[in-house]
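Participant: Structure incoming, see below.
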Amino acid sequence: MKKQSRYTIFTAIALLTALSGCFGSKTAQSSVDMGLLQGKANIMPVAVIGSGPAGLMAAVYGARGGKDTYVLEGNKPGGLLMDTTEVANWPGEIMITGPKIIEKMRNQALHQGVNFVEDAVERIDTSSWPYAIHTENGDILHAMSIIIATGAAPKRLNIPGEDEYWGAGVTACAVCDAPFYKGLEVVVIGGGDSAVEEAIQLSSYASKITILVRKDRMRAAESMQERLKGYPSISIKYNVEPRKIVGDGTEVTGIELFNVQTHQHETFPTSGVFLAIGHNPNTSFLKGSIPLTEGGNVIVKGRTQETLIHGIFSAGDVEDHRYRQAGTSAGYGIAAGLDAVRFLDDNGYNPAIAAQIKPQLFGKSVDGAQELDISQGAIELESLDELDQLLAKHEVVIADFWTKTCPSCKVMLPHFRSIAQEMSGQVAFVTIDAEEASDISEKYFVNRVPLMLVFKDGQIVSRHSGPLSKKELSSFVEQFASN
Ligand code: NDP
């Protein structure tokens with residue numbers, strides 16, 4: 001449609017809005033002025049921030065409600081479920097892995113027409129509507145409604161040595177780091193379900209795992225504690241508080257404990273300290289734009305998922321500090337999706353407006369071939385032509401093949417991108433959706449993802465199939481980037 005007719009419609013909307021006071025809404029307080037969309041680019045009717053169970057279900061309901069829905073996936077697509085092994089309390093499943101739940105939910109969302117944006121949100125501006133979302137990639141997107149579903153992040157102990165050895169023996173992610181502790185003795189701190197999960201994940205690698213619990217009992221569900229009995233390498237030490245993490249300057253060698261019953265101190269030898277002591281809501285990017293509780297959770301109103309800002313909703317661990325289950329997060333996500341759809345309908349969103357903003361949607365306005373500039377980090381390739389261009393221009397090209405339905409690919413992609421950012425300019429880093437760029441996949445026999453291909457002088461010199469941790473990815477890339 002021509003620009004002029006689009007503006008005519010927006011002007012008409014603005015006029016109508018001005019005349020009627022509000023656009024089909026029930027109260028003046030709940031109205032927004034659709035005329036304010038005029039002249040704005042990158043407009044998303046429903047923007048979901050976060051891609052765990054809450055975000056994905058919110059997106060499914062946004063799309064099913066007939067609204068163009070975008071999920072900003074964040075730096076850890078899929079959220080905490082991606083670090084979970086067996087889940088026995090997901091509706092309808094006797095036993096399922098966390099990544100499998102996310103894979104199924106993501107497929108369902110894609111099937112419903114949800115769009116996924118590989119970017120994380122830096123801040124949102126709620127001072128005027130449509131709300132502005134500033135992303136880490138430097139885009140400014142406009143949202144008619146927002147659903148915040150950014151989950152929560154692992155808590156830290158805040159004891160001496162924790163920062164010094166973070167990433168060098170202290171970690172909060174067994175699923176990411178367990179392989180580095182093969183044959184070593186490690187401790188897990190915490191007495192909840194996460195501690196049990198982490199210990200079980202570690203049992204495939206570490207020779208001995210001690211769970212350190214500060215009380216005389218664990219908080220984990222009986223069924224979870226029962227699972228531990230099948231793992232002879234796991235033991236539990238009660239009544240101990242961690243006081244200091246000690247090491248030799250490069251790596252962890254032990255942890256100082258205080259026994260709350262005997263009041264004795266001891267240094268417990270260990271090569272790794274795995275934290276499983278709960279989570280903090282991921283809301284630092286919201287400070288000053290959305291009212292939060294003292295604990296940092298997003299505040300929602302009564303029996304709705306609406307925040308104290310009109311048209312902004314929230315769901316999952318980021319707002320719920322009480323239940324914190326994948327199942328309840330998904331349920332709250334459904335409620336938030338329904339609330340957002342209703343908000344748009346109540347405020348006059350209709351097929352005419354949807355059609356008018358569609359040409360301005362995020363990512364849809366880019367015309368022509370993308371400029372293949374490798375100086376800013378990894379670039380996403382869409383065709384064999386683009387790859388050929390790069391191979392002709394650069395001595396070394398490192399490609400990370402992924403697909404939308406591959407959870408481990410989504411874990412690797414942000415790592416690959418940050419490595420590419422650090423080493424930008426040295427070699428060409430590219431990411432390739434193996435399903436979308438089928439001409440590339442066919443030519444280079446890509447039938448499994450994640451897959452890393454390294455080209456030197458136009459020829460494949462290395463091929464690695466399967467997931468890589470951030471450390472492994474770094475050392476894989478370094479051998480080619482430094483040549
Ligand atoms: P929880 O809050 O349930 O447990 C945290 C544990 O860490 C508690 O035992 C707590 O001790 C301990 N702790 C907290 N701070 C310290 C500290 N400074 N020093 C030592 N210990 C400390 O968190 P989880 O992450 O385990 O679980 C969160 C939610 O996720 C729960 O609802 C859980 O059911 C769910 N979940 C479910 C899973 C599944 O079903 N597969 C897997 C993982 C989590 P204290 O008890 O003394 O307060």
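Here's how to read the names in the structure tokens: chain A, B, ... by the order shown, residue numbers from 1 in each chain, ligand numbers from 1 in the order shown.
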Could you list, as a PyMOL selection string, all protein and nucleic acid residues with an atom at most 9 Å from ligand 1, counting only C-alpha atoms and all ligand atoms?
Facilitator: chain A and resi 80-81+84-90+97-98+154-159+189-198+212-221+224+240-243+275-279+321-326
Participant: With only C-alpha atoms as the counted atoms, please give the residues lying no more than 12 Å from Glu162 of chain A, apart from itself and same-chain residues fewer than 5 positions off, as a VMD selection string.
Facilitator: chain A and resid 155 to 157 167 to 172 242 to 247 251 to 252 254 to 256 272 to 275
Participant: Could you check the closest approach to Ile43 of chain A for each of A:Lys358, A:Asn282, A:Ser31, A:Gly249 and tell me which residue wins, using only C-alpha atoms?
Facilitator: A:Lys358
Participant: Hey, which of A:Asp400, A:Glu103, A:Glu442, A:Asp125 ends up closest to Gly466 of chain A? Count only C-alpha atoms.
Facilitator: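 Among the listed residues, the smallest separation from Gly466 of chain A belongs to A:Asp400.
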Participant: Could you tell me how far atom CA of Pro53 of chain A sits from atom CA of Ile432 of chain A, in Å to one decimal place?
Facilitator: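 Atom CA of Pro53 of chain A lies 25.6 Å from atom CA of Ile432 of chain A.
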Participant: When you count only C-alpha atoms, which of these residues is closest to Glu380 of chain A: A:Ala120, A:Thr267, A:Gly66, A:Ala434?
Facilitator: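 Checking each of A:Ala120, A:Thr267, A:Gly66, A:Ala434 against Glu380 of chain A, counting only C-alpha atoms, the winner is A:Ala434.
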Participant: Using only C-alpha atoms, can you tell me which of A:Ile312, A:Val454, A:Leu257, A:Leu56 comes closest to Gln108 of chain A?
Facilitator: A:Leu56
Participant: Report the residues of segment 264-426 of chain A whose backbone DSSP state falls under helix (DSSP H, G or I), written as a ChimeraX atom specification.
Facilitator: /A:284-286,326-346,351-360,384-393,407-422
Participant: Output C-alpha atoms for every residue in that selection, as a PDB file, in the first residue's frame.
Facilitator:
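Below you can see again-v6.pdb, which holds the result:
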ATOM      1  CA  SER A 284      17.390  -5.018  36.300  1.00  0.00           C
ATOM      2  CA  PHE A 285      16.546  -3.791  32.763  1.00  0.00           C
ATOM      3  CA  LEU A 286      13.142  -2.617  34.042  1.00  0.00           C
ATOM      4  CA  ALA A 326       7.321 -24.475  34.809  1.00  0.00           C
ATOM      5  CA  GLY A 327       3.648 -25.471  34.720  1.00  0.00           C
ATOM      6  CA  THR A 328       2.423 -22.438  36.640  1.00  0.00           C
ATOM      7  CA  SER A 329       4.655 -20.170  34.510  1.00  0.00           C
ATOM      8  CA  ALA A 330       3.046 -21.567  31.371  1.00  0.00           C
ATOM      9  CA  GLY A 331      -0.391 -20.976  32.916  1.00  0.00           C
ATOM     10  CA  TYR A 332       0.408 -17.390  33.857  1.00  0.00           C
ATOM     11  CA  GLY A 333       1.769 -16.959  30.340  1.00  0.00           C
ATOM     12  CA  ILE A 334      -1.593 -18.016  28.934  1.00  0.00           C
ATOM     13  CA  ALA A 335      -3.340 -15.499  31.184  1.00  0.00           C
ATOM     14  CA  ALA A 336      -0.917 -12.729  30.144  1.00  0.00           C
ATOM     15  CA  GLY A 337      -1.451 -13.553  26.450  1.00  0.00           C
ATOM     16  CA  LEU A 338      -5.226 -13.374  26.909  1.00  0.00           C
ATOM     17  CA  ASP A 339      -4.892 -10.085  28.812  1.00  0.00           C
ATOM     18  CA  ALA A 340      -2.761  -8.541  26.047  1.00  0.00           C
ATOM     19  CA  VAL A 341      -5.195  -9.626  23.332  1.00  0.00           C
ATOM     20  CA  ARG A 342      -8.090  -8.171  25.283  1.00  0.00           C
ATOM     21  CA  PHE A 343      -6.201  -4.949  25.899  1.00  0.00           C
ATOM     22  CA  LEU A 344      -5.636  -4.493  22.160  1.00  0.00           C
ATOM     23  CA  ASP A 345      -9.254  -5.360  21.304  1.00  0.00           C
ATOM     24  CA  ASP A 346     -10.594  -3.015  23.989  1.00  0.00           C
ATOM     25  CA  PRO A 351      -7.807  -5.743  11.003  1.00  0.00           C
ATOM     26  CA  ALA A 352      -7.502  -2.327   9.311  1.00  0.00           C
ATOM     27  CA  ILE A 353      -4.915  -1.159  11.820  1.00  0.00           C
ATOM     28  CA  ALA A 354      -3.138  -4.522  11.670  1.00  0.00           C
ATOM     29  CA  ALA A 355      -2.884  -4.201   7.887  1.00  0.00           C
ATOM     30  CA  GLN A 356      -1.577  -0.650   8.139  1.00  0.00           C
ATOM     31  CA  ILE A 357       1.227  -1.373  10.575  1.00  0.00           C
ATOM     32  CA  LYS A 358       2.307  -4.612   8.920  1.00  0.00           C
ATOM     33  CA  PRO A 359       4.613  -2.906   6.375  1.00  0.00           C
ATOM     34  CA  GLN A 360       6.372  -1.232   9.297  1.00  0.00           C
ATOM     35  CA  LEU A 384      24.644 -19.631  -0.831  1.00  0.00           C
ATOM     36  CA  ASP A 385      25.358 -16.445  -2.801  1.00  0.00           C
ATOM     37  CA  GLU A 386      26.163 -14.616   0.405  1.00  0.00           C
ATOM     38  CA  LEU A 387      28.408 -17.424   1.642  1.00  0.00           C
ATOM     39  CA  ASP A 388      30.216 -17.522  -1.713  1.00  0.00           C
ATOM     40  CA  GLN A 389      30.791 -13.756  -1.481  1.00  0.00           C
ATOM     41  CA  LEU A 390      32.381 -14.156   1.944  1.00  0.00           C
ATOM     42  CA  LEU A 391      34.475 -17.165   0.954  1.00  0.00           C
ATOM     43  CA  ALA A 392      35.858 -15.184  -1.963  1.00  0.00           C
ATOM     44  CA  LYS A 393      36.708 -12.247   0.280  1.00  0.00           C
ATOM     45  CA  PRO A 407      17.434 -26.094  21.800  1.00  0.00           C
ATOM     46  CA  SER A 408      21.189 -26.691  22.114  1.00  0.00           C
ATOM     47  CA  CYS A 409      21.748 -24.508  19.031  1.00  0.00           C
ATOM     48  CA  LYS A 410      19.955 -21.703  20.827  1.00  0.00           C
ATOM     49  CA  VAL A 411      22.250 -22.098  23.819  1.00  0.00           C
ATOM     50  CA  MET A 412      25.353 -22.039  21.593  1.00  0.00           C
ATOM     51  CA  LEU A 413      24.349 -19.107  19.367  1.00  0.00           C
ATOM     52  CA  PRO A 414      24.769 -16.320  21.973  1.00  0.00           C
ATOM     53  CA  HIS A 415      28.177 -17.765  22.936  1.00  0.00           C
ATOM     54  CA  PHE A 416      29.208 -17.879  19.288  1.00  0.00           C
ATOM     55  CA  ARG A 417      28.054 -14.303  18.793  1.00  0.00           C
ATOM     56  CA  SER A 418      29.915 -12.974  21.814  1.00  0.00           C
ATOM     57  CA  ILE A 419      33.099 -14.784  20.735  1.00  0.00           C
ATOM     58  CA  ALA A 420      32.637 -13.311  17.240  1.00  0.00           C
ATOM     59  CA  GLN A 421      32.209  -9.863  18.761  1.00  0.00           C
ATOM     60  CA  GLU A 422      35.447 -10.217  20.731  1.00  0.00           C
TER      61      GLU A 422
END
Participant: Contacts of Pro130 of chain A at 9 Å or less, counting only C-alpha atoms, minus same-chain residues fewer than 3 places along, as a PyMOL selection string?
Facilitator: chain A and resi 32-34+36-37+40+43+126+142-145
Participant: Keeping only all heavy atoms, write those residues as an mmCIF file, in the first residue's frame.
Facilitator:
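File produced: again.cif:
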data_model
loop_
_atom_site.group_PDB
_atom_site.id
_atom_site.type_symbol
_atom_site.label_atom_id
_atom_site.label_comp_id
_atom_site.auth_asym_id
_atom_site.auth_seq_id
_atom_site.Cartn_x
_atom_site.Cartn_y
_atom_site.Cartn_z
ATOM 1 N N VAL A 32 -5.784 4.004 24.841
ATOM 2 C CA VAL A 32 -4.556 4.472 24.210
ATOM 3 C C VAL A 32 -4.968 5.073 22.872
ATOM 4 O O VAL A 32 -6.022 4.744 22.340
ATOM 5 C CB VAL A 32 -3.535 3.330 23.995
ATOM 6 C CG1 VAL A 32 -2.994 2.833 25.304
ATOM 7 C CG2 VAL A 32 -4.120 2.197 23.178
ATOM 8 N N ASP A 33 -4.147 5.937 22.338
ATOM 9 C CA ASP A 33 -4.493 6.639 21.112
ATOM 10 C C ASP A 33 -3.798 5.962 19.940
ATOM 11 O O ASP A 33 -2.586 6.096 19.761
ATOM 12 C CB ASP A 33 -4.041 8.090 21.259
ATOM 13 C CG ASP A 33 -4.338 8.917 20.017
ATOM 14 O OD1 ASP A 33 -4.812 8.326 19.014
ATOM 15 O OD2 ASP A 33 -4.092 10.132 20.064
ATOM 16 N N MET A 34 -4.585 5.217 19.148
ATOM 17 C CA MET A 34 -4.000 4.483 18.024
ATOM 18 C C MET A 34 -3.344 5.439 17.024
ATOM 19 O O MET A 34 -2.484 5.045 16.249
ATOM 20 C CB MET A 34 -5.073 3.640 17.330
ATOM 21 C CG MET A 34 -5.567 2.482 18.179
ATOM 22 S SD MET A 34 -4.406 1.101 18.180
ATOM 23 C CE MET A 34 -5.028 0.124 19.537
ATOM 24 N N LEU A 36 -1.260 7.546 17.646
ATOM 25 C CA LEU A 36 0.147 7.721 18.003
ATOM 26 C C LEU A 36 1.071 6.739 17.281
ATOM 27 O O LEU A 36 2.290 6.857 17.353
ATOM 28 C CB LEU A 36 0.317 7.570 19.521
ATOM 29 C CG LEU A 36 -0.363 8.655 20.357
ATOM 30 C CD1 LEU A 36 -0.289 8.319 21.841
ATOM 31 C CD2 LEU A 36 0.286 10.012 20.091
ATOM 32 N N LEU A 37 0.448 5.781 16.590
ATOM 33 C CA LEU A 37 1.284 4.831 15.840
ATOM 34 C C LEU A 37 1.844 5.471 14.581
ATOM 35 O O LEU A 37 2.821 5.000 14.004
ATOM 36 C CB LEU A 37 0.453 3.593 15.437
ATOM 37 C CG LEU A 37 -0.105 2.763 16.591
ATOM 38 C CD1 LEU A 37 -1.060 1.708 16.058
ATOM 39 C CD2 LEU A 37 1.034 2.098 17.359
ATOM 40 N N LYS A 40 5.616 5.830 13.276
ATOM 41 C CA LYS A 40 6.520 4.957 14.039
ATOM 42 C C LYS A 40 6.880 3.731 13.185
ATOM 43 O O LYS A 40 6.037 3.200 12.480
ATOM 44 C CB LYS A 40 5.838 4.443 15.311
ATOM 45 C CG LYS A 40 5.571 5.517 16.349
ATOM 46 C CD LYS A 40 6.729 5.613 17.301
ATOM 47 C CE LYS A 40 6.501 6.497 18.494
ATOM 48 N NZ LYS A 40 6.083 7.843 18.239
ATOM 49 N N ILE A 43 6.714 -1.591 14.626
ATOM 50 C CA ILE A 43 5.623 -1.690 15.603
ATOM 51 C C ILE A 43 5.215 -3.155 15.786
ATOM 52 O O ILE A 43 4.933 -3.852 14.813
ATOM 53 C CB ILE A 43 4.396 -0.882 15.144
ATOM 54 C CG1 ILE A 43 4.769 0.594 15.024
ATOM 55 C CG2 ILE A 43 3.236 -1.057 16.126
ATOM 56 C CD1 ILE A 43 3.706 1.427 14.344
ATOM 57 N N THR A 126 8.644 3.441 29.107
ATOM 58 C CA THR A 126 7.197 3.371 29.279
ATOM 59 C C THR A 126 6.582 4.763 29.444
ATOM 60 O O THR A 126 5.434 4.895 29.850
ATOM 61 C CB THR A 126 6.849 2.513 30.516
ATOM 62 O OG1 THR A 126 7.537 3.068 31.655
ATOM 63 C CG2 THR A 126 7.273 1.075 30.332
ATOM 64 N N HIS A 142 8.872 -0.699 18.705
ATOM 65 C CA HIS A 142 7.722 -0.110 19.379
ATOM 66 C C HIS A 142 6.680 -1.182 19.637
ATOM 67 O O HIS A 142 6.370 -1.971 18.747
ATOM 68 C CB HIS A 142 7.137 1.023 18.531
ATOM 69 C CG HIS A 142 8.077 2.177 18.433
ATOM 70 N ND1 HIS A 142 8.879 2.395 17.340
ATOM 71 C CD2 HIS A 142 8.388 3.144 19.336
ATOM 72 C CE1 HIS A 142 9.633 3.458 17.559
ATOM 73 N NE2 HIS A 142 9.353 3.932 18.763
ATOM 74 N N ALA A 143 6.173 -1.196 20.862
ATOM 75 C CA ALA A 143 5.233 -2.242 21.224
ATOM 76 C C ALA A 143 3.903 -1.639 21.642
ATOM 77 O O ALA A 143 3.861 -0.704 22.452
ATOM 78 C CB ALA A 143 5.806 -3.079 22.362
ATOM 79 N N MET A 144 2.817 -2.198 21.076
ATOM 80 C CA MET A 144 1.483 -1.760 21.495
ATOM 81 C C MET A 144 1.138 -2.420 22.830
ATOM 82 O O MET A 144 0.409 -1.856 23.636
ATOM 83 C CB MET A 144 0.468 -2.147 20.417
ATOM 84 C CG MET A 144 0.764 -1.446 19.097
ATOM 85 S SD MET A 144 -0.162 -2.123 17.710
ATOM 86 C CE MET A 144 -1.773 -1.463 18.038
ATOM 87 N N SER A 145 1.609 -3.639 23.026
ATOM 88 C CA SER A 145 1.479 -4.287 24.339
ATOM 89 C C SER A 145 2.761 -5.077 24.575
ATOM 90 O O SER A 145 3.405 -5.507 23.619
ATOM 91 C CB SER A 145 0.270 -5.227 24.373
ATOM 92 O OG SER A 145 0.504 -6.340 23.540
#
Participant: Have a look at atom CA of Leu141 of chain A and atom CA of Ile290 of chain A and let me know their distance in Å, one decimal.
Facilitator: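 These two atoms are separated by 17.6 Å.
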Participant: Identify all residues of segment 34-237 of chain A in strand (DSSP E or B) (DSSP on the backbone) and supply them as number ranges by chain.
Facilitator: A: 43-49, 69-72, 86-87, 96-97, 115-117, 121-125, 131-135, 140-148, 152-154, 166, 170-171, 185-189, 208-212, 234-237
Participant: In terms of the shortest atom-to-atom distance over only C-alpha atoms, which of A:Lys237, A:Lys443, A:His464, A:Lys404 is closest to Leu110 of chain A?
Facilitator: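 Residue with the minimum atom-to-atom distance to Leu110 of chain A: A:Lys404.
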Participant: Considering only C-alpha atoms, can you say which of A:Ile101, A:Glu319, A:Phe480, A:Leu72 comes closest to Thr304 of chain A?
Facilitator: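 Of A:Ile101, A:Glu319, A:Phe480, A:Leu72, the one nearest Thr304 of chain A is A:Glu319, counting only C-alpha atoms.
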